[in-house]
Amino acid sequence: LAALLEDASADQRLSCEQRLLAEDFEPGATRLVEVLVRGRPDPKLHEVLVELLWRALRRLPQNVNFKCTSPALQLFVRLAGEEPCRRLQSVSAEELLDWGVDLACQLSKLGHEVVAFAECYVQWGGLIVPECSATFSAHSFLVQGMVQEDEVAFEVPWVLIQSPEESVERGVPLHFMVDVEALCALGVLPPSLSALVAVSDAVLELTCKGDAAEIDGA
């Protein structure tokens, strides 16, 4: 939906965003707010959810009385507070692009469960990402960085890692045995990256400047 709105014409985008969290879209609109604020954070999902909420908020007047808005927006104000709602309303598109996950975690009541490290190094078979970030949540960990001049991003669900708790307990550097075939089958690992990993039993090694005990709490 977020991608469709971005690709729509200006008039279509305006019309859709004005009605995005309207009563006509219930119960989906309220469910979006509940998952964003009350659900266990999934960085990729919550980044999209906060974008949809931002798209709806930016179409409202800056001095809007939220008590007169849709049930979904009223619920958001009750759960997260009016001040966070107004802050999100004033965020620019560039800021949302750069800080979407952080904004989502600030709005989530369980945002503390997401742990992010900025200075990381990943080697996974023939795939080497020398400068990257790693974001850990209850669902997965997400790696984002650069390989030469190309952006690289991939997510690894915990269910596709053999004994992840033991790997975390051993500390940094982290060594994860990942089911590469399942990851590729899910479409999570792009073909260009799976070709670099090459070996199905290659161990993913992640080095970061952080305490593995923080990851254990995610």
# chains A, B, ... in the order shown; residues from 1 in each chain; ligands from 1
call {"tool": "select_by_dssp", "arguments": {"residues": "segment 1-147 of chain A", "states": "helix (DSSP H, G or I)", "output": "ChimeraX atom specification"}}
result
/A:2-7,10-18,23-25,28-38,43-57,66-68,71-80,82-89,93-107,111-113
call {"tool": "residues_around", "arguments": {"residues": "segment 42-46 of chain A", "least_positions_apart": "3", "cutoff": "8 Å", "atoms": "only C-alpha atoms", "output": "number ranges by chain"}}
result
A: 36, 49-50, 101, 104-105, 114, 135, 137-140
call {"tool": "write_last_selection", "arguments": {"atoms": "N, CA and C atoms", "output": "tab-separated table (two decimals), in the first residue's frame"}}
result
chain	number	residue	atom	x	y	z
A	36	LEU	N	0.96	-1.20	15.58
A	36	LEU	CA	2.10	-0.29	15.68
A	36	LEU	C	2.45	0.02	17.13
A	49	LEU	N	4.25	0.58	8.74
A	49	LEU	CA	3.08	1.05	9.48
A	49	LEU	C	3.21	2.51	9.88
A	50	VAL	N	4.40	2.91	10.34
A	50	VAL	CA	4.57	4.30	10.75
A	50	VAL	C	4.52	5.22	9.53
A	101	VAL	N	12.44	3.38	11.29
A	101	VAL	CA	12.44	2.34	12.32
A	101	VAL	C	12.53	2.96	13.70
A	104	ALA	N	9.21	4.44	14.65
A	104	ALA	CA	8.25	3.38	14.97
A	104	ALA	C	8.51	2.83	16.37
A	105	CYS	N	9.77	2.64	16.72
A	105	CYS	CA	10.12	2.11	18.04
A	105	CYS	C	9.78	3.11	19.15
A	114	VAL	N	13.71	-3.74	20.56
A	114	VAL	CA	14.53	-3.66	19.36
A	114	VAL	C	15.90	-3.10	19.73
A	135	THR	N	20.07	-4.69	13.15
A	135	THR	CA	18.92	-4.40	14.01
A	135	THR	C	18.29	-5.72	14.44
A	137	SER	N	15.42	-7.88	16.63
A	137	SER	CA	14.10	-7.84	17.24
A	137	SER	C	13.70	-9.25	17.65
A	138	ALA	N	12.51	-9.39	18.18
A	138	ALA	CA	12.04	-10.72	18.59
A	138	ALA	C	11.81	-11.62	17.39
A	139	HIS	N	11.66	-11.03	16.20
A	139	HIS	CA	11.33	-11.80	15.00
A	139	HIS	C	12.57	-12.19	14.18
A	140	SER	N	13.55	-11.31	14.15
A	140	SER	CA	14.64	-11.50	13.20
A	140	SER	C	15.78	-10.53	13.50
call {"tool": "atom_distance", "arguments": {"atom1": "atom CA of Ser167 of chain A", "atom2": "atom CA of Ser108 of chain A"}}
result
27.7 Å
call {"tool": "select_by_dssp", "arguments": {"residues": "segment 17-158 of chain A", "states": "strand (DSSP E or B)", "output": "VMD selection string"}}
result
chain A and resid 115 to 124 127 to 136 140 to 147 150 to 157
call {"tool": "write_last_selection", "arguments": {"atoms": "C-alpha atoms", "output": "PDB file, in the first residue's frame"}}
result
ATOM      1  CA  VAL A 115      18.325  -3.431  19.656  1.00  0.00           C
ATOM      2  CA  ALA A 116      20.420  -1.754  16.952  1.00  0.00           C
ATOM      3  CA  PHE A 117      24.183  -1.590  16.445  1.00  0.00           C
ATOM      4  CA  ALA A 118      25.598   0.909  13.966  1.00  0.00           C
ATOM      5  CA  GLU A 119      29.189  -0.290  13.493  1.00  0.00           C
ATOM      6  CA  CYS A 120      29.121  -3.892  12.304  1.00  0.00           C
ATOM      7  CA  TYR A 121      31.000  -6.210   9.965  1.00  0.00           C
ATOM      8  CA  VAL A 122      29.428  -9.239   8.283  1.00  0.00           C
ATOM      9  CA  GLN A 123      31.103 -12.139   6.521  1.00  0.00           C
ATOM     10  CA  TRP A 124      28.898 -14.899   5.171  1.00  0.00           C
ATOM     11  CA  LEU A 127      29.501 -12.098   1.022  1.00  0.00           C
ATOM     12  CA  ILE A 128      31.395  -9.442   2.971  1.00  0.00           C
ATOM     13  CA  VAL A 129      29.678  -6.288   4.217  1.00  0.00           C
ATOM     14  CA  PRO A 130      32.491  -4.283   5.862  1.00  0.00           C
ATOM     15  CA  GLU A 131      30.343  -1.381   7.098  1.00  0.00           C
ATOM     16  CA  CYS A 132      26.780  -2.043   8.130  1.00  0.00           C
ATOM     17  CA  SER A 133      24.163  -1.784  10.841  1.00  0.00           C
ATOM     18  CA  ALA A 134      22.383  -4.706  12.491  1.00  0.00           C
ATOM     19  CA  THR A 135      18.924  -4.404  14.012  1.00  0.00           C
ATOM     20  CA  PHE A 136      17.716  -7.201  16.286  1.00  0.00           C
ATOM     21  CA  SER A 140      14.643 -11.497  13.203  1.00  0.00           C
ATOM     22  CA  PHE A 141      17.768  -9.477  12.646  1.00  0.00           C
ATOM     23  CA  LEU A 142      18.193  -7.052   9.776  1.00  0.00           C
ATOM     24  CA  VAL A 143      21.508  -6.134   8.171  1.00  0.00           C
ATOM     25  CA  GLN A 144      21.837  -2.913   6.155  1.00  0.00           C
ATOM     26  CA  GLY A 145      25.035  -1.594   4.641  1.00  0.00           C
ATOM     27  CA  MET A 146      27.139  -1.033   1.555  1.00  0.00           C
ATOM     28  CA  VAL A 147      29.163  -3.385  -0.629  1.00  0.00           C
ATOM     29  CA  ASP A 150      25.764  -0.814  -3.779  1.00  0.00           C
ATOM     30  CA  GLU A 151      23.282  -0.798  -0.929  1.00  0.00           C
ATOM     31  CA  VAL A 152      22.777  -4.176   0.718  1.00  0.00           C
ATOM     32  CA  ALA A 153      19.924  -5.200   2.995  1.00  0.00           C
ATOM     33  CA  PHE A 154      18.710  -8.595   4.127  1.00  0.00           C
ATOM     34  CA  GLU A 155      16.660  -9.968   6.995  1.00  0.00           C
ATOM     35  CA  VAL A 156      17.186 -13.299   8.726  1.00  0.00           C
ATOM     36  CA  PRO A 157      14.261 -14.672  10.799  1.00  0.00           C
TER      37      PRO A 157
END
call {"tool": "closest_residue", "arguments": {"among": "A:Val37, A:Val203, A:Leu52, A:Leu60", "to": "Leu174 of chain A", "atoms": "only C-alpha atoms"}}
result
A:Val203
call {"tool": "residues_around", "arguments": {"residues": "Thr69 of chain A", "least_positions_apart": "5", "cutoff": "10 Å", "atoms": "only C-alpha atoms", "output": "PDB file with N, CA and C atoms, in the first residue's frame"}}
result
ATOM      1  N   LEU A  21      -6.963   6.553   7.168  1.00  0.00           N
ATOM      2  CA  LEU A  21      -7.371   6.048   8.484  1.00  0.00           C
ATOM      3  C   LEU A  21      -8.789   6.485   8.839  1.00  0.00           C
ATOM      4  N   ALA A  22      -9.585   6.718   7.804  1.00  0.00           N
ATOM      5  CA  ALA A  22     -10.962   7.152   8.014  1.00  0.00           C
ATOM      6  C   ALA A  22     -11.825   5.988   8.506  1.00  0.00           C
ATOM      7  N   GLU A  23     -13.008   6.326   8.979  1.00  0.00           N
ATOM      8  CA  GLU A  23     -13.920   5.313   9.523  1.00  0.00           C
ATOM      9  C   GLU A  23     -14.319   4.303   8.462  1.00  0.00           C
ATOM     10  N   LEU A  60      -3.636  16.358   7.622  1.00  0.00           N
ATOM     11  CA  LEU A  60      -4.475  17.068   8.574  1.00  0.00           C
ATOM     12  C   LEU A  60      -3.905  18.445   8.865  1.00  0.00           C
ATOM     13  N   VAL A  64      -5.075  20.610  14.236  1.00  0.00           N
ATOM     14  CA  VAL A  64      -6.256  19.755  14.255  1.00  0.00           C
ATOM     15  C   VAL A  64      -6.601  19.330  15.687  1.00  0.00           C
ATOM     16  N   GLN A  74      -8.018   8.767  16.978  1.00  0.00           N
ATOM     17  CA  GLN A  74      -8.335   8.998  18.383  1.00  0.00           C
ATOM     18  C   GLN A  74      -7.699   7.916  19.254  1.00  0.00           C
ATOM     19  N   LEU A  75      -7.735   6.677  18.772  1.00  0.00           N
ATOM     20  CA  LEU A  75      -7.107   5.580  19.510  1.00  0.00           C
ATOM     21  C   LEU A  75      -5.600   5.787  19.592  1.00  0.00           C
TER      22      LEU A  75
END
call {"tool": "residues_around", "arguments": {"residues": "segment 82-85 of chain A", "least_positions_apart": "5", "cutoff": "9 Å", "atoms": "only C-alpha atoms", "output": "ChimeraX atom specification"}}
result
/A:54,57,66,73,76-77,90,106-107
call {"tool": "write_last_selection", "arguments": {"atoms": "N, CA, C and O atoms", "output": "PDB file, in the first residue's frame"}}
result
ATOM      1  N   TRP A  54       1.961   8.270   9.145  1.00  0.00           N
ATOM      2  CA  TRP A  54       2.493   9.598   8.795  1.00  0.00           C
ATOM      3  C   TRP A  54       1.788  10.166   7.567  1.00  0.00           C
ATOM      4  O   TRP A  54       1.457  11.359   7.525  1.00  0.00           O
ATOM      5  N   LEU A  57      -1.489  11.502   8.737  1.00  0.00           N
ATOM      6  CA  LEU A  57      -1.354  12.676   9.610  1.00  0.00           C
ATOM      7  C   LEU A  57      -0.951  13.933   8.841  1.00  0.00           C
ATOM      8  O   LEU A  57      -1.390  15.037   9.162  1.00  0.00           O
ATOM      9  N   PHE A  66      -7.693  16.417  17.613  1.00  0.00           N
ATOM     10  CA  PHE A  66      -7.735  14.980  17.373  1.00  0.00           C
ATOM     11  C   PHE A  66      -9.007  14.330  17.914  1.00  0.00           C
ATOM     12  O   PHE A  66      -9.358  13.229  17.507  1.00  0.00           O
ATOM     13  N   LEU A  73      -7.391   7.405  14.636  1.00  0.00           N
ATOM     14  CA  LEU A  73      -6.490   8.461  15.104  1.00  0.00           C
ATOM     15  C   LEU A  73      -6.766   8.816  16.565  1.00  0.00           C
ATOM     16  O   LEU A  73      -5.838   9.117  17.317  1.00  0.00           O
ATOM     17  N   PHE A  76      -4.992   6.229  18.501  1.00  0.00           N
ATOM     18  CA  PHE A  76      -3.550   6.470  18.495  1.00  0.00           C
ATOM     19  C   PHE A  76      -3.165   7.511  19.539  1.00  0.00           C
ATOM     20  O   PHE A  76      -2.182   7.348  20.264  1.00  0.00           O
ATOM     21  N   VAL A  77      -3.941   8.576  19.633  1.00  0.00           N
ATOM     22  CA  VAL A  77      -3.661   9.625  20.619  1.00  0.00           C
ATOM     23  C   VAL A  77      -3.821   9.073  22.029  1.00  0.00           C
ATOM     24  O   VAL A  77      -3.017   9.372  22.918  1.00  0.00           O
ATOM     25  N   SER A  90       4.767  16.398  11.899  1.00  0.00           N
ATOM     26  CA  SER A  90       5.685  17.427  11.403  1.00  0.00           C
ATOM     27  C   SER A  90       6.957  16.861  10.777  1.00  0.00           C
ATOM     28  O   SER A  90       7.796  17.614  10.273  1.00  0.00           O
ATOM     29  N   GLN A 106       9.897   4.401  18.853  1.00  0.00           N
ATOM     30  CA  GLN A 106       9.534   5.415  19.840  1.00  0.00           C
ATOM     31  C   GLN A 106       8.036   5.394  20.133  1.00  0.00           C
ATOM     32  O   GLN A 106       7.601   5.652  21.258  1.00  0.00           O
ATOM     33  N   LEU A 107       7.243   5.047  19.115  1.00  0.00           N
ATOM     34  CA  LEU A 107       5.792   5.012  19.280  1.00  0.00           C
ATOM     35  C   LEU A 107       5.312   3.697  19.885  1.00  0.00           C
ATOM     36  O   LEU A 107       4.250   3.641  20.496  1.00  0.00           O
TER      37      LEU A 107
END
call {"tool": "atom_distance", "arguments": {"atom1": "atom CA of Ser200 of chain A", "atom2": "atom CA of Val180 of chain A"}}
result
5.5 Å
call {"tool": "residues_around", "arguments": {"residues": "Ser163 of chain A", "least_positions_apart": "3", "cutoff": "9 Å", "atoms": "only C-alpha atoms", "output": "PyMOL selection string"}}
result
chain A and resi 158+166-167+176-177
call {"tool": "write_last_selection", "arguments": {"atoms": "N, CA and C atoms", "output": "CSV table (one decimal), in the first residue's frame"}}
result
chain,number,residue,atom,x,y,z
A,158,TRP,N,14.7,-15.5,13.0
A,158,TRP,CA,15.3,-16.4,14.0
A,158,TRP,C,14.9,-17.9,13.7
A,166,GLU,N,22.1,-20.2,21.7
A,166,GLU,CA,23.5,-20.6,22.0
A,166,GLU,C,24.5,-19.7,21.3
A,167,SER,N,24.2,-19.3,20.1
A,167,SER,CA,25.1,-18.4,19.3
A,167,SER,C,25.2,-17.1,20.1
A,176,PHE,N,26.2,-17.5,13.2
A,176,PHE,CA,24.8,-18.1,13.0
A,176,PHE,C,24.8,-19.1,11.8
A,177,MET,N,24.3,-20.3,12.1
A,177,MET,CA,24.1,-21.3,11.1
A,177,MET,C,22.7,-21.0,10.5
